[in-house]
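Structure below is coords_24.csv: CSV, C-alpha atoms.
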```csv
chain,number,residue,atom,x,y,z
K,885,MET,CA,0.2,-12.8,1.4
K,886,SER,CA,2.7,-15.5,2.4
K,887,THR,CA,5.4,-13.8,0.4
K,888,ARG,CA,5.2,-10.7,2.5
K,889,ARG,CA,5.4,-12.3,5.9
K,890,PRO,CA,9.2,-12.5,6.2
K,891,LEU,CA,9.4,-8.7,6.0
K,892,ARG,CA,6.8,-8.0,8.7
K,893,LEU,CA,8.9,-9.1,11.7
K,894,PRO,CA,12.1,-7.0,10.9
K,895,ILE,CA,10.0,-4.0,9.9
K,896,PHE,CA,7.9,-4.2,13.0
K,897,LEU,CA,10.9,-4.6,15.3
K,898,ALA,CA,12.7,-1.7,13.6
K,899,ILE,CA,9.6,0.6,14.0
K,900,VAL,CA,9.3,-0.4,17.7
K,901,MET,CA,13.0,0.2,18.4
K,902,ILE,CA,13.0,3.5,16.5
K,903,THR,CA,10.0,4.7,18.4
K,904,ILE,CA,11.5,3.8,21.7
K,905,LEU,CA,14.8,5.5,20.8
K,906,LEU,CA,13.0,8.6,19.8
K,907,LEU,CA,11.0,8.7,23.1
K,908,LEU,CA,14.1,8.1,25.1
K,909,THR,CA,16.0,10.8,23.2
K,910,ALA,CA,13.2,13.3,23.7
K,911,GLY,CA,12.9,12.4,27.5
K,912,TRP,CA,16.7,12.7,27.9
K,913,ILE,CA,16.8,16.1,26.2
K,914,VAL,CA,13.9,17.4,28.3
K,915,MET,CA,15.4,16.2,31.6
K,916,SER,CA,18.8,17.5,30.8
K,917,VAL,CA,17.6,20.9,29.8
K,918,ARG,CA,15.3,21.1,32.8
K,919,SER,CA,18.1,20.1,35.2
K,920,ALA,CA,20.5,22.5,33.6
K,921,LEU,CA,18.1,25.4,34.0
K,922,GLU,CA,17.3,24.5,37.6
K,923,SER,CA,20.9,24.1,38.8
K,924,SER,CA,23.2,26.8,37.4
K,925,ALA,CA,26.2,25.3,39.3
K,926,ARG,CA,25.9,21.9,37.5
K,927,ALA,CA,24.7,23.4,34.2
K,928,PRO,CA,27.9,22.6,32.3
K,929,LEU,CA,27.7,19.0,33.4
K,930,TYR,CA,24.1,18.6,32.3
K,931,TRP,CA,24.9,20.2,28.9
K,932,ALA,CA,27.8,17.9,28.4
K,933,MET,CA,25.7,14.9,29.3
K,934,LEU,CA,23.0,16.1,27.0
K,935,SER,CA,25.5,16.3,24.1
K,936,ILE,CA,27.0,12.9,24.8
K,937,GLY,CA,23.7,11.2,25.3
K,938,ALA,CA,22.1,12.8,22.2
K,939,THR,CA,25.1,11.7,20.1
K,940,LEU,CA,24.8,8.1,21.4
K,941,PHE,CA,21.1,8.0,20.8
K,942,VAL,CA,21.6,9.2,17.2
K,943,LEU,CA,24.3,6.6,16.6
K,944,VAL,CA,22.0,3.8,17.9
K,945,LEU,CA,19.2,5.2,15.7
K,946,VAL,CA,21.4,5.1,12.7
K,947,GLY,CA,22.4,1.5,13.6
K,948,VAL,CA,18.8,0.5,13.8
K,949,VAL,CA,18.0,2.1,10.4
K,950,ILE,CA,21.0,0.3,8.8
K,951,TYR,CA,19.9,-3.0,10.4
K,952,LEU,CA,16.5,-2.6,8.9
K,953,THR,CA,17.9,-1.7,5.4
K,954,LEU,CA,20.3,-4.7,5.5
K,955,SER,CA,17.6,-7.0,6.7
K,956,ILE,CA,15.2,-6.1,3.9
K,957,LYS,CA,18.0,-6.4,1.3
K,958,ALA,CA,18.9,-9.9,2.7
K,959,ILE,CA,15.3,-11.0,2.6
K,960,ASN,CA,14.9,-9.7,-1.0
K,961,LEU,CA,18.1,-11.4,-2.0
K,962,SER,CA,16.9,-14.7,-0.5
K,963,ARG,CA,13.6,-14.3,-2.4
K,964,ARG,CA,15.5,-13.7,-5.7
K,965,GLN,CA,17.7,-16.7,-5.1
K,966,SER,CA,14.7,-18.9,-4.3
K,967,ASN,CA,13.0,-17.5,-7.4
K,968,PHE,CA,16.1,-18.2,-9.5
K,969,ILE,CA,16.4,-21.8,-8.2
K,970,ASP,CA,12.7,-22.5,-9.0
K,971,SER,CA,13.0,-20.9,-12.4
K,972,VAL,CA,16.3,-22.7,-13.3
K,973,THR,CA,14.9,-26.0,-12.1
K,974,HIS,CA,11.8,-25.6,-14.3
K,975,GLU,CA,13.7,-24.3,-17.3
K,976,LEU,CA,16.1,-27.2,-17.1
K,977,LYS,CA,13.7,-29.9,-16.3
K,978,SER,CA,11.0,-29.1,-18.9
K,979,PRO,CA,13.2,-29.4,-22.1
K,980,LEU,CA,15.2,-32.3,-20.7
K,981,ALA,CA,12.0,-34.2,-19.9
K,982,SER,CA,10.8,-33.4,-23.4
K,983,LEU,CA,14.0,-34.6,-25.0
K,984,LYS,CA,14.0,-37.8,-23.0
K,985,LEU,CA,10.4,-38.5,-24.1
K,986,TYR,CA,11.1,-37.9,-27.8
K,987,LEU,CA,14.3,-40.0,-27.7
K,988,GLN,CA,12.5,-42.9,-26.0
K,989,THR,CA,9.7,-42.7,-28.5
K,990,LEU,CA,12.2,-42.8,-31.4
K,991,ASN,CA,14.0,-45.7,-29.8
K,992,ARG,CA,11.0,-47.9,-28.9
K,993,LEU,CA,8.7,-47.2,-31.8
K,994,GLN,CA,8.9,-46.8,-35.5
K,995,PRO,CA,7.3,-43.5,-36.3
K,996,SER,CA,6.7,-42.3,-39.8
K,997,GLU,CA,9.0,-39.9,-41.6
K,998,VAL,CA,6.6,-37.0,-41.0
K,999,GLU,CA,6.5,-37.8,-37.2
K,1000,ARG,CA,10.3,-38.2,-37.1
K,1001,GLN,CA,10.8,-34.8,-38.6
K,1002,GLU,CA,8.3,-33.3,-36.1
K,1003,PHE,CA,10.2,-35.0,-33.3
K,1004,TYR,CA,13.5,-33.6,-34.6
K,1005,ARG,CA,12.1,-30.1,-34.8
K,1006,ALA,CA,10.7,-30.3,-31.2
K,1007,MET,CA,14.0,-31.6,-29.9
K,1008,LEU,CA,15.8,-28.8,-31.7
K,1009,ASP,CA,13.5,-26.3,-30.0
K,1010,ASP,CA,14.3,-27.8,-26.6
K,1011,VAL,CA,18.1,-27.6,-27.3
K,1012,GLU,CA,17.7,-24.0,-28.4
K,1013,ARG,CA,15.8,-23.3,-25.2
K,1014,LEU,CA,18.6,-24.8,-23.1
K,1015,ASP,CA,21.2,-22.9,-25.1
K,1016,GLN,CA,19.3,-19.6,-24.6
K,1017,LEU,CA,19.1,-20.3,-20.8
K,1018,ILE,CA,22.9,-20.9,-20.6
K,1019,ASN,CA,23.6,-17.8,-22.7
K,1020,HIS,CA,21.5,-15.6,-20.4
K,1021,VAL,CA,23.3,-16.8,-17.3
K,1022,LEU,CA,26.7,-16.3,-19.0
K,1023,ASP,CA,25.7,-12.8,-20.3
K,1024,ALA,CA,24.6,-11.8,-16.8
K,1025,ALA,CA,27.8,-13.1,-15.3
K,1026,ARG,CA,30.0,-11.1,-17.7
K,1027,LEU,CA,28.3,-7.8,-16.9
K,1028,ASP,CA,30.6,-7.2,-13.9
K,1029,ARG,CA,33.7,-7.4,-16.1
K,1030,PRO,CA,35.2,-4.0,-17.1
K,1031,VAL,CA,34.9,-3.2,-20.8
K,1032,PRO,CA,37.6,-0.8,-22.4
K,1033,GLU,CA,36.2,2.3,-23.9
K,1034,SER,CA,38.5,1.9,-26.8
K,1035,GLY,CA,36.4,-1.0,-28.0
K,1036,LYS,CA,33.5,1.2,-29.0
K,1037,MET,CA,32.7,1.6,-32.7
K,1038,PRO,CA,30.1,3.4,-34.9
K,1039,VAL,CA,27.1,1.1,-35.3
K,1040,ALA,CA,24.2,1.5,-37.8
K,1041,LEU,CA,21.3,1.1,-35.3
K,1042,ASP,CA,18.6,0.9,-37.9
K,1043,GLU,CA,20.3,-2.0,-39.6
K,1044,LEU,CA,21.0,-3.7,-36.3
K,1045,LEU,CA,17.3,-3.5,-35.3
K,1046,THR,CA,16.3,-5.0,-38.6
K,1047,SER,CA,18.5,-8.0,-38.3
K,1048,CYS,CA,17.6,-8.5,-34.6
K,1049,ALA,CA,13.9,-8.4,-35.5
K,1050,ALA,CA,14.3,-11.0,-38.2
K,1051,GLU,CA,16.3,-13.2,-35.9
K,1052,VAL,CA,13.7,-13.0,-33.1
K,1053,CYS,CA,10.8,-13.7,-35.5
K,1054,GLN,CA,12.6,-16.8,-36.7
K,1055,ARG,CA,13.3,-18.0,-33.2
K,1056,HIS,CA,9.6,-17.7,-32.2
K,1057,ARG,CA,8.4,-19.0,-35.6
K,1058,VAL,CA,6.1,-16.1,-36.2
K,1059,PRO,CA,5.6,-14.2,-39.4
K,1060,LEU,CA,8.2,-11.6,-40.1
K,1061,SER,CA,5.5,-9.0,-40.5
K,1062,THR,CA,4.7,-9.5,-36.7
K,1063,ILE,CA,7.3,-6.8,-36.0
K,1064,ARG,CA,6.7,-3.5,-37.8
K,1065,LEU,CA,9.7,-1.2,-38.1
K,1066,ASP,CA,9.5,2.6,-38.3
K,1067,LEU,CA,13.2,3.5,-38.5
K,1068,LYS,CA,15.3,6.5,-39.4
K,1069,PRO,CA,19.0,5.9,-40.4
K,1070,CYS,CA,21.0,6.3,-37.2
K,1071,ILE,CA,24.6,5.9,-36.0
K,1072,VAL,CA,25.5,5.3,-32.4
K,1073,SER,CA,28.8,4.6,-30.7
K,1074,GLY,CA,29.0,1.4,-28.7
K,1075,TRP,CA,29.8,-2.2,-28.7
K,1076,GLN,CA,28.1,-4.2,-31.4
K,1077,VAL,CA,27.6,-7.3,-29.2
K,1078,ASP,CA,26.0,-5.2,-26.3
K,1079,LEU,CA,23.6,-3.4,-28.7
K,1080,GLU,CA,22.5,-6.7,-30.2
K,1081,LEU,CA,22.0,-8.2,-26.8
K,1082,ILE,CA,19.9,-5.2,-25.7
K,1083,PHE,CA,17.5,-5.2,-28.6
K,1084,ARG,CA,17.3,-9.0,-29.0
K,1085,ASN,CA,16.2,-9.2,-25.3
K,1086,LEU,CA,13.6,-6.4,-25.7
K,1087,LEU,CA,12.2,-7.9,-28.9
K,1088,ASP,CA,12.1,-11.4,-27.5
K,1089,ASN,CA,10.3,-10.0,-24.4
K,1090,ALA,CA,7.9,-8.1,-26.6
K,1091,ILE,CA,6.9,-11.1,-28.7
K,1092,LYS,CA,6.8,-13.5,-25.7
K,1093,TYR,CA,4.4,-11.3,-23.7
K,1094,ALA,CA,2.4,-9.9,-26.7
K,1095,GLY,CA,-1.2,-10.7,-27.3
K,1096,LYS,CA,-2.7,-13.1,-29.8
K,1097,PRO,CA,-1.9,-12.5,-32.5
K,1098,PRO,CA,1.3,-10.8,-31.4
K,1099,GLU,CA,1.9,-7.3,-32.7
K,1100,VAL,CA,5.2,-5.4,-32.1
K,1101,VAL,CA,6.1,-1.9,-33.3
K,1102,VAL,CA,9.7,-0.7,-33.3
K,1103,THR,CA,10.3,3.1,-33.7
K,1104,LEU,CA,13.7,4.7,-34.1
K,1105,LYS,CA,13.8,8.5,-33.9
K,1106,GLN,CA,15.5,11.5,-32.4
K,1107,SER,CA,14.3,12.4,-28.9
K,1108,LEU,CA,13.5,15.9,-27.6
K,1109,THR,CA,16.7,15.8,-25.6
K,1110,GLY,CA,18.9,15.1,-28.6
K,1111,GLN,CA,19.4,11.5,-27.9
K,1112,VAL,CA,18.5,8.5,-30.1
K,1113,CYS,CA,15.1,7.1,-29.0
K,1114,VAL,CA,14.1,3.5,-29.7
K,1115,GLN,CA,10.6,2.5,-28.7
K,1116,ILE,CA,9.5,-1.2,-28.7
K,1117,SER,CA,5.8,-1.6,-28.1
K,1118,ASP,CA,3.7,-4.8,-27.8
K,1119,ASN,CA,-0.1,-5.5,-27.5
K,1120,GLY,CA,0.1,-7.6,-24.4
K,1121,ARG,CA,-1.5,-7.1,-21.0
K,1122,GLY,CA,1.0,-4.5,-19.9
K,1123,ILE,CA,3.0,-4.0,-16.7
K,1124,PRO,CA,1.4,-2.5,-13.5
K,1125,TYR,CA,2.8,1.0,-12.7
K,1126,ASN,CA,4.2,0.0,-9.3
K,1127,SER,CA,6.2,-2.9,-10.9
K,1128,ARG,CA,7.8,-1.0,-13.8
K,1129,GLN,CA,11.1,-0.6,-11.9
K,1130,LYS,CA,11.1,-4.0,-10.3
K,1131,VAL,CA,11.1,-5.8,-13.7
K,1132,PHE,CA,14.7,-4.6,-14.2
K,1133,GLY,CA,16.0,-6.4,-11.2
K,1134,ARG,CA,18.1,-9.6,-11.3
K,1135,PHE,CA,16.0,-12.8,-11.3
K,1136,VAL,CA,12.8,-10.7,-10.9
K,1137,ARG,CA,9.7,-12.0,-12.7
K,1138,LEU,CA,6.1,-10.9,-12.0
K,1139,GLY,CA,3.8,-13.4,-10.5
K,1140,THR,CA,4.4,-16.7,-8.9
K,1141,GLU,CA,7.1,-18.9,-10.4
K,1142,LEU,CA,5.1,-22.1,-10.5
K,1143,GLU,CA,2.1,-20.3,-12.1
K,1144,ARG,CA,3.9,-18.7,-15.1
K,1145,ASP,CA,3.3,-19.9,-18.6
K,1146,LYS,CA,6.3,-18.2,-20.2
K,1147,PRO,CA,9.8,-19.5,-20.0
K,1148,GLY,CA,12.6,-17.3,-18.6
K,1149,LEU,CA,14.9,-16.6,-15.7
K,1150,GLY,CA,14.2,-12.9,-15.1
K,1151,LEU,CA,17.6,-11.9,-16.5
K,1152,GLY,CA,16.7,-10.4,-19.8
K,1153,LEU,CA,15.6,-6.9,-18.6
K,1154,PHE,CA,18.4,-6.9,-16.0
K,1155,ILE,CA,20.9,-7.4,-18.8
K,1156,VAL,CA,19.2,-4.6,-20.8
K,1157,ARG,CA,19.3,-2.1,-18.0
K,1158,THR,CA,22.9,-2.8,-17.2
K,1159,LEU,CA,24.1,-2.6,-20.8
K,1160,VAL,CA,22.2,0.6,-21.5
K,1161,ALA,CA,23.7,2.2,-18.4
K,1162,ARG,CA,27.1,1.1,-19.7
K,1163,LEU,CA,26.4,3.0,-22.9
K,1164,ARG,CA,25.4,6.0,-20.8
K,1165,GLY,CA,21.8,5.7,-21.8
K,1166,ARG,CA,18.4,5.1,-20.1
K,1167,VAL,CA,15.6,2.6,-20.4
K,1168,ARG,CA,12.1,3.0,-19.1
K,1169,VAL,CA,8.7,1.4,-19.3
K,1170,ARG,CA,5.5,3.2,-20.4
K,1171,SER,CA,2.0,2.2,-21.2
K,1172,ARG,CA,0.7,2.5,-24.8
K,1173,GLU,CA,-1.5,5.4,-25.4
K,1174,ASP,CA,-3.6,4.0,-28.2
K,1175,LYS,CA,-4.2,0.4,-27.0
K,1176,SER,CA,-3.3,-2.1,-24.2
K,1177,GLY,CA,0.3,-3.1,-24.0
K,1178,THR,CA,3.8,-2.0,-22.9
K,1179,THR,CA,6.4,0.3,-24.5
K,1180,PHE,CA,10.0,0.0,-23.6
K,1181,GLU,CA,11.9,3.1,-24.4
K,1182,VAL,CA,15.7,3.2,-24.8
K,1183,LEU,CA,17.6,6.5,-25.0
K,1184,LEU,CA,21.1,6.3,-26.2
K,1185,PRO,CA,23.7,9.0,-27.2
K,1186,GLY,CA,23.9,9.1,-30.9
K,1187,GLN,CA,22.8,11.0,-34.0
K,1188,VAL,CA,19.9,10.3,-36.3
K,1189,GLN,CA,20.9,11.1,-39.9
K,1190,THR,CA,18.8,13.4,-42.1
K,1191,SER,CA,17.0,12.0,-45.1
K,1192,THR,CA,19.4,13.9,-47.4
K,1193,ASP,CA,22.3,12.1,-45.8
K,1194,SER,CA,20.8,8.6,-46.0
K,1195,GLY,CA,18.2,8.6,-48.6
K,1196,SER,CA,20.4,7.3,-51.4
K,1197,SER,CA,21.8,4.4,-49.3
K,1198,ASN,CA,19.1,3.2,-46.9
K,1199,ALA,CA,15.7,4.3,-48.2
K,1200,GLY,CA,13.7,1.9,-50.3
K,1201,HIS,CA,15.1,-1.3,-48.8
K,1202,ASP,CA,13.3,-3.8,-46.7
K,1203,ALA,CA,14.9,-6.1,-44.1
K,1204,SER,CA,16.3,-8.5,-46.6
K,1205,GLY,CA,18.0,-5.8,-48.6
K,1206,VAL,CA,15.5,-6.1,-51.6
K,1207,ARG,CA,14.4,-2.8,-53.0
K,1208,SER,CA,10.7,-2.3,-53.0
K,1209,THR,CA,8.8,-0.2,-55.5
K,1210,ASP,CA,6.8,1.6,-52.8
K,1211,ALA,CA,9.8,2.6,-50.9
K,1212,THR,CA,11.7,3.6,-54.0
K,1213,ALA,CA,8.9,6.0,-54.9
K,1214,THR,CA,9.3,7.8,-51.5
K,1215,SER,CA,13.0,7.6,-51.1
K,1216,ASN,CA,13.5,11.3,-51.6
K,1217,SER,CA,10.8,12.4,-49.1
K,1218,PRO,CA,11.8,13.4,-45.6
K,1219,GLN,CA,9.5,11.0,-43.9
K,1220,ASN,CA,10.5,7.9,-41.9
K,1221,SER,CA,11.2,4.6,-43.7
K,1222,THR,CA,8.3,2.6,-42.3
K,1223,ARG,CA,8.3,-1.0,-43.2
K,1224,ASN,CA,7.6,-4.6,-42.1
K,1225,ILE,CA,10.3,-7.2,-42.1
K,1226,ALA,CA,10.2,-8.8,-45.5
K,1227,PRO,CA,10.5,-12.6,-45.6
K,1228,HIS,CA,13.7,-14.1,-46.8
```
Could you express the structure from this file as structure tokens?
Amino acid sequence: MSTRRPLRLPIFLAIVMITILLLLTAGWIVMSVRSALESSARAPLYWAMLSIGATLFVLVLVGVVIYLTLSIKAINLSRRQSNFIDSVTHELKSPLASLKLYLQTLNRLQPSEVERQEFYRAMLDDVERLDQLINHVLDAARLDRPVPESGKMPVALDELLTSCAAEVCQRHRVPLSTIRLDLKPCIVSGWQVDLELIFRNLLDNAIKYAGKPPEVVVTLKQSLTGQVCVQISDNGRGIPYNSRQKVFGRFVRLGTELERDKPGLGLGLFIVRTLVARLRGRVRVRSREDKSGTTFEVLLPGQVQTSTDSGSSNAGHDASGVRSTDATATSNSPQNSTRNIAPH
């Protein structure tokens, strides 16, 4: 409840001022019309006063509404900044404290070779966590820079999704079969770096907030509107309906910052929404129909290739590029190339 108190005062004052203005405006109109009807000699003066007064009341009312809007935006910005400071402080302090502890242990004690390797692995994880934090901040900062349209190029979206999925699984140290891919060969026009950033963030978010064991399904198909549709589904707790638009805001994370058990700054989905809009696409959140979890759906301009166009080149390959016998047997069929990410 304490997080809502700062908004109560400006909203209450605005409602009171708007009500008073509406009452004054109504009283002014009634009095002016009555006076104009009772005194025909001064009727033009009363009508002029009515017009001027009503205009001034409307201007004051518009000013109050603008004040209320700006106040709410300022309070929300202050909340996001506070949330960002808390999140960054936690994200910086935790890996640094862990690195310091491991280095002190290596310096003061003589751990065994197995323990040393475990320490090195943990320190590398902390360094990667810091690196990802800095990259997210830099990615969010560069979103305001204009990007020339001439830099767009055809990108094989199915191959990009496969490589992103393998990279995310390796980062989270989960089996590559955690992400199941159901992809059709597809070509979209865009920036390779932006597309990789979009789907790495979505896949990272899916694994991070998935259930135990995590299960993620990625589907690439043609939508009913003729666009390319990528759906990334997880088996987590899901996102409440009234929060599905909020999660795309800058520095927005659900819940209380100090009570979260997942690392992050609340920038990933903001980056996704901004980059998808730059590609003239849309991203939305849905609930899974068959089980609990969340589905992020990305719609992009592009063309899904038919099986006759791509069967000879893409069908029958797993994520590592090794031809599998099951896929080879079905390479000439018009169905999707459903597969798990094969281990390297």
List as a PyMOL selection string the residues having at least one atom at most 12 Å from position (12.8, 4.2, -29.0) as given in the file, counting only C-alpha atoms. chain K and resi 1041-1042+1045+1065-1068+1070+1083+1086+1101-1108+1111-1117+1165-1170+1179-1184+1188
With all atoms listed in the file as the counted atoms, please give the residues lying no more than 12 Å from K:Ala932, apart from itself and same-chain residues fewer than 5 positions off, as a PyMOL selection string. chain K and resi 913+916-917+920+926-927+937-939
Looking at all atoms listed in the file, which of K:Arg1157, K:Tyr986, K:Val1072, K:Glu1080 is the one that sits closest to K:Arg1000? K:Tyr986
Please compute the atom CA of K:Arg1164-atom CA of K:Gly1074 distance, one decimal, in Å.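 So the answer is 9.8 Å.
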Could you check how far atom CA of K:Leu1027 sits from atom CA of K:Arg1084, in Å to one decimal? 16.4 Å
Please measure the separation of atom CA of K:Tyr951 and atom CA of K:Ala898, giving the value in Å to one decimal.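 The value is 8.0 Å.
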Can you tell me which residues surround K:Thr903 at a distance of at most 12 Å, considering only C-alpha atoms, apart from same-chain residues fewer than 4 positions away, and format the answer as number ranges by chain? K: 896-899, 907-910, 941, 945, 948-949
K:Val1077: which residues within 12 Å, counting all atoms listed in the file, same-chain residues fewer than 4 positions away excluded, as a ChimeraX atom specification? /K:1023,1031,1035-1037,1039,1044,1048,1081-1084,1159
